[in-house]
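Let me begin by presenting the structure, written as C-alpha cells, before commenting on it.
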Amino acid sequence: MATHEKVFPGTMISPETGETLTRGIRPFAVEYKGESVTVDLPGYYPAGEGDGVHVGKDMSVVDEALRNLKEKVDGLPAPATIRQIRAKLKLSQREAGALFKVGENAFDKYERGLVEPSGPTIQLMTLLQKHPELLDDLR
C-alpha cells in the first residue's frame, strides 16, 4: 500500500502576525540533559528571523531526534532500535507482545513512538539482544 505524503502550499499567512510565511527548512537544536543535536525542521517561516508554523508531520524530525538523545543519554531504546531488536529475535510484533507480557499491540506502539516501554521491558529487550539464545527459555 502506498503512503501518500501531504503536499503543502508554498506560502501561508501567519495566524499570529498576518505576515506571509514561506515553506522551507531551518536548523533547529534539540537538547536533552546536556546533549544536543541540530535537525532540519520543515515549516512555514517568515522572510527574516522569527518563529515558524509547523503543520502535519513537521515536528516528527524533532520527536525522532529527542528519542535518539534519550537512547544515548538514558539508554531508552528509540523506536528503530526496538524494531531492530525484535527483528533480530525473529518475532512478529504480536509474538513479542505476548512473550514480553505487554499486550499484543504494544510493540506496534513502541515502534511507532507512541508509547515508551517500561523499565523491565527495556531490560529484557537489552538482555535478549545480547543473548538471543535465552529466548527459548522464555517460551
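Chain labels run A, B, ... following the order of the C-alpha cells; each chain numbers its residues from 1, and ligands are numbered from 1 in the order shown.
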Applying 12 Å and only C-alpha atoms, which residues near Gly75 of chain A remain after dropping the ones on its own chain fewer than 4 positions away? List them as a PDB file with N, CA, C and O atoms, in the first residue's frame.
```
ATOM      1  N   ARG A  67      14.072  11.205  20.780  1.00  0.00           N
ATOM      2  CA  ARG A  67      14.131   9.778  21.139  1.00  0.00           C
ATOM      3  C   ARG A  67      15.555   9.249  21.027  1.00  0.00           C
ATOM      4  O   ARG A  67      15.997   8.451  21.852  1.00  0.00           O
ATOM      5  N   ASN A  68      16.274   9.681  19.993  1.00  0.00           N
ATOM      6  CA  ASN A  68      17.669   9.235  19.833  1.00  0.00           C
ATOM      7  C   ASN A  68      18.556   9.775  20.944  1.00  0.00           C
ATOM      8  O   ASN A  68      19.452   9.072  21.422  1.00  0.00           O
ATOM      9  N   LEU A  69      18.315  11.001  21.396  1.00  0.00           N
ATOM     10  CA  LEU A  69      19.079  11.546  22.522  1.00  0.00           C
ATOM     11  C   LEU A  69      18.750  10.790  23.808  1.00  0.00           C
ATOM     12  O   LEU A  69      19.638  10.517  24.614  1.00  0.00           O
ATOM     13  N   LYS A  70      17.483  10.460  24.010  1.00  0.00           N
ATOM     14  CA  LYS A  70      17.099   9.686  25.200  1.00  0.00           C
ATOM     15  C   LYS A  70      17.769   8.316  25.180  1.00  0.00           C
ATOM     16  O   LYS A  70      18.182   7.811  26.222  1.00  0.00           O
ATOM     17  N   GLU A  71      17.894   7.729  23.999  1.00  0.00           N
ATOM     18  CA  GLU A  71      18.575   6.442  23.885  1.00  0.00           C
ATOM     19  C   GLU A  71      20.049   6.604  24.260  1.00  0.00           C
ATOM     20  O   GLU A  71      20.599   5.819  25.027  1.00  0.00           O
ATOM     21  N   THR A  81      15.445   1.144  17.160  1.00  0.00           N
ATOM     22  CA  THR A  81      16.228   0.148  17.905  1.00  0.00           C
ATOM     23  C   THR A  81      15.325  -0.987  18.375  1.00  0.00           C
ATOM     24  O   THR A  81      15.699  -2.160  18.288  1.00  0.00           O
ATOM     25  N   ILE A  82      14.146  -0.644  18.848  1.00  0.00           N
ATOM     26  CA  ILE A  82      13.187  -1.666  19.291  1.00  0.00           C
ATOM     27  C   ILE A  82      12.833  -2.570  18.115  1.00  0.00           C
ATOM     28  O   ILE A  82      12.818  -3.797  18.240  1.00  0.00           O
ATOM     29  N   GLU A 116       6.435   4.590  25.264  1.00  0.00           N
ATOM     30  CA  GLU A 116       7.771   4.114  25.623  1.00  0.00           C
ATOM     31  C   GLU A 116       7.627   2.854  26.468  1.00  0.00           C
ATOM     32  O   GLU A 116       6.762   2.784  27.339  1.00  0.00           O
ATOM     33  N   PRO A 117       8.469   1.856  26.220  1.00  0.00           N
ATOM     34  CA  PRO A 117       8.382   0.633  27.019  1.00  0.00           C
ATOM     35  C   PRO A 117       8.779   0.889  28.473  1.00  0.00           C
ATOM     36  O   PRO A 117       9.532   1.812  28.768  1.00  0.00           O
ATOM     37  N   GLY A 119      10.581   0.058  32.175  1.00  0.00           N
ATOM     38  CA  GLY A 119      11.945  -0.308  32.547  1.00  0.00           C
ATOM     39  C   GLY A 119      12.214  -1.801  32.437  1.00  0.00           C
ATOM     40  O   GLY A 119      13.199  -2.211  31.811  1.00  0.00           O
ATOM     41  N   ILE A 122      12.427  -2.861  28.801  1.00  0.00           N
ATOM     42  CA  ILE A 122      13.696  -2.416  28.218  1.00  0.00           C
ATOM     43  C   ILE A 122      14.828  -3.342  28.647  1.00  0.00           C
ATOM     44  O   ILE A 122      15.660  -3.745  27.830  1.00  0.00           O
ATOM     45  N   GLN A 123      14.850  -3.689  29.923  1.00  0.00           N
ATOM     46  CA  GLN A 123      15.909  -4.578  30.418  1.00  0.00           C
ATOM     47  C   GLN A 123      15.862  -5.936  29.743  1.00  0.00           C
ATOM     48  O   GLN A 123      16.888  -6.501  29.372  1.00  0.00           O
ATOM     49  N   MET A 125      14.519  -6.623  26.771  1.00  0.00           N
ATOM     50  CA  MET A 125      14.938  -6.454  25.367  1.00  0.00           C
ATOM     51  C   MET A 125      16.458  -6.395  25.254  1.00  0.00           C
ATOM     52  O   MET A 125      17.049  -7.029  24.383  1.00  0.00           O
ATOM     53  N   THR A 126      17.081  -5.627  26.141  1.00  0.00           N
ATOM     54  CA  THR A 126      18.533  -5.471  26.124  1.00  0.00           C
ATOM     55  C   THR A 126      19.226  -6.805  26.378  1.00  0.00           C
ATOM     56  O   THR A 126      20.197  -7.159  25.705  1.00  0.00           O
TER      57      THR A 126
END
```
Problem - Residues of chain A in strand (DSSP E or B), written as number ranges by chain - result: A: 11-13, 20-32, 35-45, 53
Problem - All residues 8 Å or closer to segment 101-113 of chain A, only C-alpha atoms, same chain fewer than 2 positions away omitted, as an MDAnalysis selection string - result: chainID A and resid 78:80 82:83 93:99 115:117
Selection to disk with N, CA and C atoms, as an mmCIF file, in the first residue's frame:
```cif
data_model
loop_
_atom_site.group_PDB
_atom_site.id
_atom_site.type_symbol
_atom_site.label_atom_id
_atom_site.label_comp_id
_atom_site.auth_asym_id
_atom_site.auth_seq_id
_atom_site.Cartn_x
_atom_site.Cartn_y
_atom_site.Cartn_z
ATOM 1 N N ALA A 78 15.226 3.795 21.145
ATOM 2 C CA ALA A 78 14.410 4.508 20.170
ATOM 3 C C ALA A 78 13.557 3.492 19.406
ATOM 4 N N PRO A 79 12.472 3.945 18.773
ATOM 5 C CA PRO A 79 11.620 3.014 18.023
ATOM 6 C C PRO A 79 12.381 2.156 17.009
ATOM 7 N N ALA A 80 13.330 2.736 16.299
ATOM 8 C CA ALA A 80 14.093 1.961 15.313
ATOM 9 C C ALA A 80 14.912 0.866 15.984
ATOM 10 N N ILE A 82 14.146 -0.644 18.848
ATOM 11 C CA ILE A 82 13.187 -1.666 19.291
ATOM 12 C C ILE A 82 12.833 -2.570 18.115
ATOM 13 N N ARG A 83 12.583 -1.975 16.958
ATOM 14 C CA ARG A 83 12.264 -2.745 15.753
ATOM 15 C C ARG A 83 13.430 -3.668 15.376
ATOM 16 N N GLN A 93 5.396 -8.468 15.805
ATOM 17 C CA GLN A 93 5.011 -7.544 16.884
ATOM 18 C C GLN A 93 4.089 -8.243 17.885
ATOM 19 N N ARG A 94 3.150 -9.003 17.397
ATOM 20 C CA ARG A 94 2.212 -9.709 18.286
ATOM 21 C C ARG A 94 2.934 -10.763 19.134
ATOM 22 N N GLU A 95 3.846 -11.515 18.503
ATOM 23 C CA GLU A 95 4.610 -12.521 19.255
ATOM 24 C C GLU A 95 5.449 -11.861 20.345
ATOM 25 N N ALA A 96 6.082 -10.738 20.013
ATOM 26 C CA ALA A 96 6.896 -10.031 21.007
ATOM 27 C C ALA A 96 6.023 -9.538 22.152
ATOM 28 N N GLY A 97 4.858 -8.994 21.836
ATOM 29 C CA GLY A 97 3.949 -8.517 22.874
ATOM 30 C C GLY A 97 3.519 -9.628 23.814
ATOM 31 N N ALA A 98 3.219 -10.797 23.257
ATOM 32 C CA ALA A 98 2.818 -11.939 24.076
ATOM 33 C C ALA A 98 3.986 -12.445 24.919
ATOM 34 N N LEU A 99 5.153 -12.567 24.307
ATOM 35 C CA LEU A 99 6.335 -13.069 25.003
ATOM 36 C C LEU A 99 6.750 -12.151 26.162
ATOM 37 N N VAL A 115 4.317 5.075 22.483
ATOM 38 C CA VAL A 115 4.460 4.693 23.890
ATOM 39 C C VAL A 115 5.900 4.255 24.112
ATOM 40 N N GLU A 116 6.435 4.590 25.264
ATOM 41 C CA GLU A 116 7.771 4.114 25.623
ATOM 42 C C GLU A 116 7.627 2.854 26.468
ATOM 43 N N PRO A 117 8.469 1.856 26.220
ATOM 44 C CA PRO A 117 8.382 0.633 27.019
ATOM 45 C C PRO A 117 8.779 0.889 28.473
#
```
Exercise for the section: Kindly give the distance, in Å, that separates atom CA of Val30 of chain A and atom CA of Asp63 of chain A, rounded to a single decimal. Expected result: 9.0 Å
